[in-house]
file upload-v2.cif (mmCIF, C-alpha atoms (C1' of nucleotides))
data_protein
loop_
_atom_site.label_atom_id
_atom_site.label_comp_id
_atom_site.auth_asym_id
_atom_site.auth_seq_id
_atom_site.Cartn_x
_atom_site.Cartn_y
_atom_site.Cartn_z
CA MET A 89 -2.75 -5.26 2.00
CA LEU A 90 0.94 -4.65 2.19
CA LYS A 91 1.19 -3.82 -1.46
CA LEU A 92 3.88 -1.67 -2.91
CA SER A 93 3.29 0.92 -5.57
CA ARG A 94 3.32 0.04 -9.22
CA LEU A 95 5.98 2.64 -9.83
CA THR A 96 8.38 0.49 -7.86
CA ASP A 97 7.63 -2.27 -10.28
CA TYR A 98 8.53 -0.01 -13.17
CA ALA A 99 11.69 1.03 -11.41
CA VAL A 100 12.91 -2.53 -11.22
CA ALA A 101 12.14 -3.09 -14.85
CA ALA A 102 13.93 0.10 -15.81
CA LEU A 103 17.01 -0.74 -13.78
CA VAL A 104 17.25 -4.22 -15.21
CA ARG A 105 16.86 -2.75 -18.63
CA LEU A 106 19.59 -0.25 -17.90
CA SER A 107 21.94 -3.02 -16.95
CA ALA A 108 21.34 -4.62 -20.32
CA ALA A 109 22.27 -1.47 -22.19
CA GLU A 110 26.02 -1.11 -22.14
CA GLY A 111 26.18 2.67 -22.47
CA VAL A 112 23.57 5.26 -21.70
CA ALA A 113 19.85 4.83 -22.23
CA THR A 114 17.29 7.56 -22.70
CA SER A 115 14.02 7.63 -20.87
CA PRO A 116 11.94 7.37 -24.05
CA GLY A 117 14.09 4.44 -25.06
CA ILE A 118 13.55 2.65 -21.79
CA ALA A 119 9.87 3.45 -21.91
CA ALA A 120 9.54 1.76 -25.26
CA ALA A 121 11.57 -1.19 -24.10
CA ILE A 122 9.56 -2.02 -21.04
CA GLY A 123 6.17 -1.00 -22.40
CA VAL A 124 5.39 1.82 -20.00
CA PRO A 125 4.30 5.37 -20.88
CA GLU A 126 7.21 7.74 -21.29
CA PRO A 127 6.22 10.38 -18.71
CA THR A 128 5.82 7.70 -16.12
CA VAL A 129 9.22 6.22 -16.82
CA ALA A 130 10.73 9.67 -16.70
CA LYS A 131 9.23 10.22 -13.29
CA VAL A 132 10.60 6.95 -12.00
CA LEU A 133 14.06 7.62 -13.36
CA LYS A 134 14.09 11.03 -11.76
CA SER A 135 13.34 9.49 -8.41
CA LEU A 136 16.04 6.90 -8.88
CA ALA A 137 18.53 9.59 -9.87
CA GLY A 138 17.71 11.48 -6.71
CA GLN A 139 18.87 8.54 -4.63
CA GLY A 140 21.96 7.96 -6.73
CA LEU A 141 20.82 4.61 -8.04
CA VAL A 142 21.26 5.94 -11.57
CA THR A 143 23.43 8.76 -12.86
CA SER A 144 22.10 11.14 -15.46
CA THR A 145 23.75 13.00 -18.29
CA ARG A 146 21.97 16.05 -19.60
CA GLY A 147 21.88 17.48 -23.04
CA ALA A 148 21.72 15.88 -26.42
CA ARG A 149 23.00 12.31 -26.49
CA GLY A 150 22.52 12.27 -22.78
CA GLY A 151 20.61 9.72 -20.80
CA TYR A 152 20.80 7.51 -17.76
CA ARG A 153 23.44 5.11 -16.61
CA LEU A 154 23.41 2.55 -13.87
CA GLY A 155 24.96 3.94 -10.71
CA ARG A 156 26.16 0.63 -9.31
CA LYS A 157 26.14 -3.02 -10.15
CA LEU A 158 22.86 -4.84 -9.89
CA SER A 159 24.25 -6.91 -7.07
CA ASP A 160 24.91 -3.74 -5.09
CA ILE A 161 21.39 -2.39 -5.33
CA THR A 162 18.93 -3.67 -2.77
CA VAL A 163 15.19 -3.77 -3.10
CA ALA A 164 14.92 -1.62 -0.03
CA GLU A 165 16.81 1.19 -1.74
CA ILE A 166 14.48 1.15 -4.69
CA ILE A 167 11.42 1.32 -2.51
CA VAL A 168 12.90 4.17 -0.55
CA ALA A 169 13.73 6.03 -3.75
CA ILE A 170 10.23 5.67 -5.13
CA ASP A 171 7.92 5.60 -2.16
CA GLY A 172 9.99 7.11 0.61
CA PRO A 173 11.05 5.58 3.90
CA ILE A 174 9.79 2.12 4.65
CA ALA A 175 7.21 2.31 7.40
CA LEU A 176 4.26 0.00 7.58
CA THR A 177 2.30 2.20 9.93
CA SER A 178 2.17 5.84 10.80
CA CYS A 179 3.02 4.97 14.36
CA VAL A 180 6.74 4.39 14.12
CA GLU A 181 9.65 5.82 15.93
CA GLY A 182 10.67 7.87 12.92
CA SER A 183 7.52 9.92 13.00
CA ALA A 184 7.45 10.24 16.75
CA GLY A 185 5.60 13.30 17.85
CA THR A 186 3.26 13.41 14.91
CA CYS A 187 1.08 10.81 16.57
CA GLU A 188 -1.28 13.14 18.33
CA SER A 189 -3.28 10.40 20.01
CA GLN A 190 -0.26 9.07 21.76
CA THR A 191 -1.76 9.23 25.18
CA LEU A 192 -4.72 7.11 24.19
CA CYS A 193 -3.17 5.39 21.23
CA PRO A 194 -5.31 2.39 20.33
CA VAL A 195 -2.24 0.61 19.12
CA ALA A 196 -1.35 -1.36 22.15
CA GLY A 197 1.29 -3.21 20.22
CA ARG A 198 4.44 -1.75 18.85
CA TRP A 199 5.02 -2.22 15.17
CA ASP A 200 8.69 -1.41 15.37
CA PRO A 201 9.89 -5.02 15.41
CA VAL A 202 7.78 -5.66 12.36
CA ASN A 203 9.17 -2.66 10.55
CA THR A 204 12.75 -3.62 11.25
CA ALA A 205 12.12 -7.20 10.21
CA ILE A 206 10.69 -6.08 6.90
CA ARG A 207 13.49 -3.65 6.36
CA ASP A 208 16.10 -6.31 7.01
CA ALA A 209 14.43 -8.69 4.63
CA LEU A 210 14.35 -6.12 1.85
CA GLN A 211 17.95 -5.14 2.36
CA ASN A 212 19.08 -8.70 1.87
CA ILE A 213 17.61 -8.95 -1.61
CA THR A 214 19.50 -7.37 -4.47
CA LEU A 215 18.41 -6.63 -7.99
CA ALA A 216 20.72 -9.35 -9.16
CA ASP A 217 18.66 -11.85 -7.21
CA MET A 218 15.52 -10.66 -8.93
CA ALA A 219 17.03 -10.56 -12.38
CA GLN A 220 18.27 -14.12 -12.14
CA ALA A 221 15.24 -16.10 -13.14
CA ALA A 222 13.90 -13.02 -14.82
CA LEU A 223 13.48 -14.28 -18.32
CA PRO A 224 11.43 -17.46 -18.75
CA PRO A 225 11.91 -19.35 -22.01
CA GLY A 226 10.61 -17.49 -25.01
CA LEU A 227 10.23 -14.16 -23.32
CA ARG A 228 11.96 -11.34 -25.09
CA LEU A 229 12.09 -7.78 -23.95
CA SER A 230 12.54 -6.34 -27.40
CA GLU A 231 9.05 -7.34 -28.38
CA VAL A 232 7.13 -4.19 -27.81
CA ALA A 233 4.29 -2.70 -29.79
CA MET B 30 4.76 2.64 0.18
CA LEU B 31 4.48 -0.77 1.63
CA LYS B 32 1.97 0.27 4.19
CA LEU B 33 -0.55 -2.04 5.73
CA SER B 34 -4.16 -1.18 6.29
CA ARG B 35 -5.32 0.59 9.39
CA LEU B 36 -7.75 -2.21 10.10
CA THR B 37 -4.81 -4.46 10.79
CA ASP B 38 -3.74 -2.00 13.39
CA TYR B 39 -7.12 -2.22 15.04
CA ALA B 40 -6.98 -5.99 14.89
CA VAL B 41 -3.78 -6.06 16.90
CA ALA B 42 -5.22 -3.71 19.47
CA ALA B 43 -8.38 -5.78 19.73
CA LEU B 44 -6.48 -9.03 20.15
CA VAL B 45 -4.23 -7.62 22.82
CA ARG B 46 -7.29 -6.28 24.55
CA LEU B 47 -8.93 -9.67 24.32
CA SER B 48 -5.98 -11.27 26.02
CA ALA B 49 -6.36 -8.87 28.89
CA ALA B 50 -9.99 -9.80 29.43
CA GLU B 51 -10.13 -13.15 31.15
CA GLY B 52 -13.53 -14.22 29.88
CA VAL B 53 -15.46 -13.10 26.86
CA ALA B 54 -15.56 -9.57 25.51
CA THR B 55 -18.25 -8.00 23.37
CA SER B 56 -17.47 -5.97 20.30
CA PRO B 57 -18.93 -2.75 21.76
CA GLY B 58 -16.85 -3.34 24.85
CA ILE B 59 -13.68 -3.72 22.88
CA ALA B 60 -14.56 -0.74 20.76
CA ALA B 61 -14.86 1.44 23.82
CA ALA B 62 -11.65 0.07 25.24
CA ILE B 63 -9.45 0.77 22.28
CA GLY B 64 -11.17 3.92 21.12
CA VAL B 65 -12.37 2.78 17.73
CA PRO B 66 -15.91 3.06 16.32
CA GLU B 67 -18.04 0.04 17.09
CA PRO B 68 -18.98 -0.94 13.53
CA THR B 69 -15.38 -0.94 12.52
CA VAL B 70 -14.35 -3.12 15.43
CA ALA B 71 -17.18 -5.50 14.65
CA LYS B 72 -15.95 -5.80 11.10
CA VAL B 73 -12.44 -6.56 12.22
CA LEU B 74 -13.55 -9.16 14.74
CA LYS B 75 -15.65 -10.89 12.12
CA SER B 76 -12.64 -11.18 9.88
CA LEU B 77 -10.54 -12.52 12.72
CA ALA B 78 -13.23 -15.04 13.59
CA GLY B 79 -13.25 -16.24 10.02
CA GLN B 80 -9.62 -17.23 10.32
CA GLY B 81 -10.06 -18.83 13.71
CA LEU B 82 -7.94 -16.30 15.53
CA VAL B 83 -10.88 -15.60 17.82
CA THR B 84 -13.86 -17.77 18.70
CA SER B 85 -17.32 -16.27 18.93
CA THR B 86 -20.31 -17.05 21.11
CA ARG B 87 -23.66 -15.89 19.86
CA GLY B 88 -26.70 -14.75 21.74
CA ALA B 89 -27.09 -12.74 24.89
CA ARG B 90 -24.00 -12.74 27.10
CA GLY B 91 -22.06 -13.85 24.10
CA GLY B 92 -18.93 -12.32 22.75
CA TYR B 93 -15.45 -13.05 21.52
CA ARG B 94 -12.69 -15.08 23.06
CA LEU B 95 -9.08 -15.46 22.07
CA GLY B 96 -8.57 -18.52 19.91
CA ARG B 97 -4.97 -19.17 20.93
CA LYS B 98 -2.30 -17.73 23.10
CA LEU B 99 -0.71 -14.48 21.98
CA SER B 100 2.57 -16.26 21.48
CA ASP B 101 0.89 -18.60 18.99
CA ILE B 102 -0.53 -15.86 16.78
CA THR B 103 1.79 -14.45 14.16
CA VAL B 104 1.55 -11.07 12.53
CA ALA B 105 1.28 -12.77 9.18
CA GLU B 106 -1.92 -14.50 10.24
CA ILE B 107 -3.52 -11.25 11.26
CA ILE B 108 -2.67 -9.58 7.99
CA VAL B 109 -4.03 -12.51 6.06
CA ALA B 110 -7.23 -12.43 8.09
CA ILE B 111 -7.78 -8.74 7.49
CA ASP B 112 -6.31 -8.00 4.11
CA GLY B 113 -6.09 -11.37 2.46
CA PRO B 114 -3.04 -13.20 1.19
CA ILE B 115 0.26 -11.40 1.47
CA ALA B 116 1.37 -10.37 -2.00
CA LEU B 117 3.29 -7.21 -2.66
CA THR B 118 2.52 -7.16 -6.34
CA SER B 119 -0.18 -8.47 -8.61
CA CYS B 120 2.43 -10.45 -10.46
CA VAL B 121 2.94 -13.38 -8.13
CA GLU B 122 2.72 -17.07 -8.62
CA GLY B 123 -0.56 -17.22 -6.74
CA SER B 124 -2.36 -15.10 -9.29
CA ALA B 125 -0.74 -16.71 -12.29
CA GLY B 126 -2.90 -16.47 -15.34
CA THR B 127 -4.58 -13.25 -14.36
CA CYS B 128 -1.59 -11.31 -15.65
CA GLU B 129 -2.78 -10.67 -19.16
CA SER B 130 0.37 -8.91 -20.25
CA GLN B 131 2.49 -11.90 -19.43
CA THR B 132 4.03 -12.11 -22.84
CA LEU B 133 5.32 -8.54 -22.72
CA CYS B 134 5.35 -8.14 -18.99
CA PRO B 135 7.46 -5.10 -18.13
CA VAL B 136 8.43 -6.73 -14.87
CA ALA B 137 11.67 -8.31 -15.86
CA GLY B 138 12.39 -9.18 -12.28
CA ARG B 139 10.54 -11.68 -10.22
CA TRP B 140 9.09 -10.45 -6.98
CA ASP B 141 8.65 -13.91 -5.59
CA PRO B 142 11.84 -13.89 -3.49
CA VAL B 143 10.73 -10.60 -2.02
CA ASN B 144 7.32 -11.92 -1.22
CA THR B 145 8.64 -14.99 0.50
CA ALA B 146 11.16 -12.96 2.45
CA ILE B 147 8.44 -10.67 3.74
CA ARG B 148 6.22 -13.59 4.56
CA ASP B 149 8.94 -15.31 6.52
CA ALA B 150 9.71 -12.18 8.44
CA LEU B 151 6.08 -11.70 9.42
CA GLN B 152 5.66 -15.30 10.45
CA ASN B 153 8.49 -15.03 12.90
CA ILE B 154 6.86 -12.24 14.88
CA THR B 155 4.09 -13.13 17.29
CA LEU B 156 1.61 -10.93 19.06
CA ALA B 157 3.42 -11.63 22.28
CA ASP B 158 6.48 -9.95 20.82
CA MET B 159 4.47 -6.88 20.00
CA ALA B 160 2.67 -6.75 23.32
CA GLN B 161 5.89 -6.88 25.29
CA ALA B 162 6.99 -3.29 25.26
CA ALA B 163 3.44 -2.28 24.55
CA LEU B 164 2.79 -0.12 27.55
CA PRO B 165 5.28 2.67 28.21
CA PRO B 166 5.27 4.11 31.72
CA GLY B 167 2.12 6.00 32.51
CA LEU B 168 0.12 4.72 29.59
CA ARG B 169 -3.12 3.11 30.58
CA LEU B 170 -5.59 1.47 28.28
CA SER B 171 -8.59 2.14 30.44
CA GLU B 172 -8.33 5.84 29.78
CA VAL B 173 -10.80 6.33 27.00
CA ALA B 174 -13.18 9.19 26.37
"C1'" DA C 151 25.35 31.19 -32.47
"C1'" DA C 152 21.05 28.89 -33.07
"C1'" DT C 153 18.66 24.67 -32.72
"C1'" DT C 154 17.64 20.23 -31.14
"C1'" DA C 155 17.62 16.59 -27.71
"C1'" DA C 156 17.36 15.22 -23.18
"C1'" DC C 157 17.04 15.69 -18.00
"C1'" DA C 158 14.97 18.43 -13.59
"C1'" DG C 159 11.27 19.70 -10.88
"C1'" DG C 160 6.82 20.66 -9.66
"C1'" DA C 161 1.68 20.90 -10.11
"C1'" DC C 162 -2.56 19.10 -11.67
"C1'" DG C 163 -6.65 15.97 -12.70
"C1'" DA C 164 -8.66 11.36 -12.79
"C1'" DT C 165 -8.86 6.78 -11.31
"C1'" DT C 166 -8.72 3.38 -8.08
"C1'" DT C 167 -8.67 1.57 -3.56
"C1'" DA C 168 -9.68 1.29 1.15
"C1'" DA C 169 -12.33 2.98 5.19
"C1'" DG C 170 -16.32 3.32 7.59
"C1'" DT C 171 -21.40 2.76 8.04
"C1'" DC C 172 -25.71 0.53 7.81
"C1'" DC C 173 -29.02 -3.04 7.10
"C1'" DT C 174 -31.15 -7.60 7.65
"C1'" DG C 175 -30.95 -12.25 9.48
"C1'" DA C 176 -29.67 -15.98 12.89
"C1'" DT C 177 -28.75 -17.45 17.61
"C1'" DT C 178 -28.84 -17.62 22.66
"C1'" DG C 179 -29.92 -16.27 27.48
"C1'" DC C 180 -33.30 -14.10 30.69
"C1'" DG D 249 -41.41 -13.55 24.30
"C1'" DC D 250 -37.97 -10.22 24.53
"C1'" DA D 251 -33.47 -8.43 24.50
"C1'" DA D 252 -28.69 -8.87 23.37
"C1'" DT D 253 -25.15 -10.38 20.42
"C1'" DC D 254 -22.82 -12.32 16.37
"C1'" DA D 255 -23.00 -13.14 10.91
"C1'" DG D 256 -22.87 -11.49 6.42
"C1'" DG D 257 -23.20 -8.47 2.87
"C1'" DA D 258 -23.91 -3.97 0.24
"C1'" DC D 259 -23.30 0.75 -0.01
"C1'" DT D 260 -21.45 5.48 0.43
"C1'" DT D 261 -17.76 8.38 1.23
"C1'" DA D 262 -13.10 9.81 1.53
"C1'" DA D 263 -8.26 9.49 0.65
"C1'" DA D 264 -4.14 8.10 -1.56
"C1'" DT D 265 -1.98 6.94 -5.70
"C1'" DC D 266 -1.24 6.83 -10.64
"C1'" DG D 267 -0.37 9.01 -14.64
"C1'" DT D 268 0.12 13.26 -17.34
"C1'" DC D 269 1.59 17.77 -18.45
"C1'" DC D 270 4.10 22.10 -18.23
"C1'" DT D 271 8.15 24.96 -17.72
"C1'" DG D 272 13.03 25.49 -17.05
"C1'" DT D 273 17.98 24.00 -17.49
"C1'" DT D 274 21.84 21.72 -19.76
"C1'" DA D 275 24.70 20.06 -23.54
"C1'" DA D 276 25.83 18.50 -28.23
"C1'" DT D 277 25.12 19.33 -33.11
"C1'" DT D 278 24.90 22.09 -37.30
#

call {"tool": "encode", "arguments": {"input": "upload-v2.cif", "output": "structure tokens"}}
result
Amino acid sequence: MLKLSRLTDYAVAALVRLSAAEGVATSPGIAAAIGVPEPTVAKVLKSLAGQGLVTSTRGARGGYRLGRKLSDITVAEIIVAIDGPIALTSCVEGSAGTCESQTLCPVAGRWDPVNTAIRDALQNITLADMAQAALPPGLRLSEVA
Amino acid sequence: MLKLSRLTDYAVAALVRLSAAEGVATSPGIAAAIGVPEPTVAKVLKSLAGQGLVTSTRGARGGYRLGRKLSDITVAEIIVAIDGPIALTSCVEGSAGTCESQTLCPVAGRWDPVNTAIRDALQNITLADMAQAALPPGLRLSEVA
DNA sequence: AATTAACAGGACGATTTAAGTCCTGATTGC
DNA sequence: GCAATCAGGACTTAAATCGTCCTGTTAATT
């Protein structure tokens, strides 16, 4: 149903939270802030660090820092960092050759135009766009159990 | 990972196949043509019929017929017919109220712009676009085991 | 120098979701 | 009357994902 993973949702929340913190933020700190279990947040941050969306500092008093400005991070990048390359179907040009039933492939249509359209759409949306109307009246992030 | 269901894939194949057949086509016939189990094809066609993408004729010598031209059927419609409304996350305006953790929702960002962008992209692609480069040289649909 | 705090990376189990199948009923042509 | 076909739903099975945990590495503090 064209859904994206929940981890991507957490990633957005974590990045927005990181932008709020001026300096570094630890994964347990972010976890408490956004109301998500710590191991899960840690996993998400690790994936984001792998793509360079956040930079990490190890050791005591270490933590994560935003790699770029929110306006320079696209939704597509986040999805790629968390879930891998964007491909709606297994039958795309990227995975050419793996489609064993190519000779009698039931997919008469090519999904490539769809994939590129989706990819373009996601690349034109930045985190800044999402964070804009992010906080409805009376909604405070600091309120966490 | 932003993938769509395999049934949607079958739906496209079935619709393209339907456009090839001048008259009506039965679900077992289509199943044999595209190399997909009959019950599965039947399920897909029923969903498509529910959205008016195909018209059905009951009784002996009945079958399915294409509801509109290929150029008038968008990818978005197919996805909606098979998988329901297009919503990347559970936190969209459509399902407002069901989000119980709204007061402390970790999703600081709004996915609505993303959803609408995806929806627009899918509505601008018709089946005719997909069927265009559908058949590479030497690829014949009739070749089915 | 030892200890503590925090990231890095991978592997594992459990839950959830989707896929595929089957059944019964209604309708139409021969 | 009989056969063929669609309509609709429920069920079982399989797969992918979520979430957690464990171990190792790095750096600041005492």

call {"tool": "interface_residues", "arguments": {"input": "upload-v2.cif", "of": "chain A", "to": "chain D", "cutoff": "6 Å", "atoms": "all atoms listed in the file", "output": "JSON, numbers by chain"}}
result
{"A": [146, 147, 148]}

call {"tool": "residues_around", "arguments": {"input": "upload-v2.cif", "residues": "Ser93 in chain A", "least_positions_apart": "5", "cutoff": "10 Å", "atoms": "all atoms listed in the file", "output": "JSON list (two decimals) with C-alpha atoms (C1' of nucleotides), in the frame of the given file"}}
result
[["chain", "number", "residue", "atom", "x", "y", "z"],
["A", 98, "TYR", "CA", 8.53, -0.01, -13.17],
["A", 167, "ILE", "CA", 11.42, 1.32, -2.51],
["A", 170, "ILE", "CA", 10.23, 5.67, -5.13],
["A", 171, "ASP", "CA", 7.92, 5.60, -2.16],
["B", 30, "MET", "CA", 4.76, 2.64, 0.18],
["B", 31, "LEU", "CA", 4.48, -0.77, 1.63],
["B", 32, "LYS", "CA", 1.97, 0.27, 4.19],
["B", 117, "LEU", "CA", 3.29, -7.21, -2.66],
["B", 118, "THR", "CA", 2.52, -7.16, -6.34],
["D", 265, "DT", "C1'", -1.98, 6.94, -5.70],
["D", 266, "DC", "C1'", -1.24, 6.83, -10.64]]

call {"tool": "closest_residue", "arguments": {"input": "upload-v2.cif", "among": "B:Ser100, B:Gln80, B:Thr69, B:Gln152", "to": "chain C", "atoms": "all atoms listed in the file"}}
result
B:Thr69

call {"tool": "closest_residue", "arguments": {"input": "upload-v2.cif", "among": "A:Asp160, A:Pro201, A:Arg153, A:Ala130", "to": "Glu110 in chain A", "atoms": "only C-alpha atoms"}}
result
A:Arg153

call {"tool": "resolve_selection", "arguments": {"input": "upload-v2.cif", "expression": "the PyMOL selection byres ((chain A) within 8 of (chain C))", "output": "number ranges by chain"}}
result
A: 114, 134, 144-151

call {"tool": "atom_distance", "arguments": {"input": "upload-v2.cif", "atom1": "CA of Thr103 in chain B", "atom2": "CA of Ile154 in chain B"}}
result
5.6 Å

call {"tool": "atom_distance", "arguments": {"input": "upload-v2.cif", "atom1": "CA of Ala40 in chain B", "atom2": "CA of Ile107 in chain B"}}
result
7.3 Å

call {"tool": "resolve_selection", "arguments": {"input": "upload-v2.cif", "expression": "the PyMOL selection byres ((chain B and resi 56) around 8)", "output": "PyMOL selection string"}}
result
chain B and resi 54-55+57-60+67+70-71+74+92-93

call {"tool": "atom_distance", "arguments": {"input": "upload-v2.cif", "atom1": "CA of Ala137 in chain A", "atom2": "CA of Ala102 in chain A"}}
result
12.1 Å

call {"tool": "closest_residue", "arguments": {"input": "upload-v2.cif", "among": "A:Gly155, A:Gly111, A:Gly123, A:Gly140", "to": "chain B", "atoms": "all atoms listed in the file"}}
result
A:Gly123
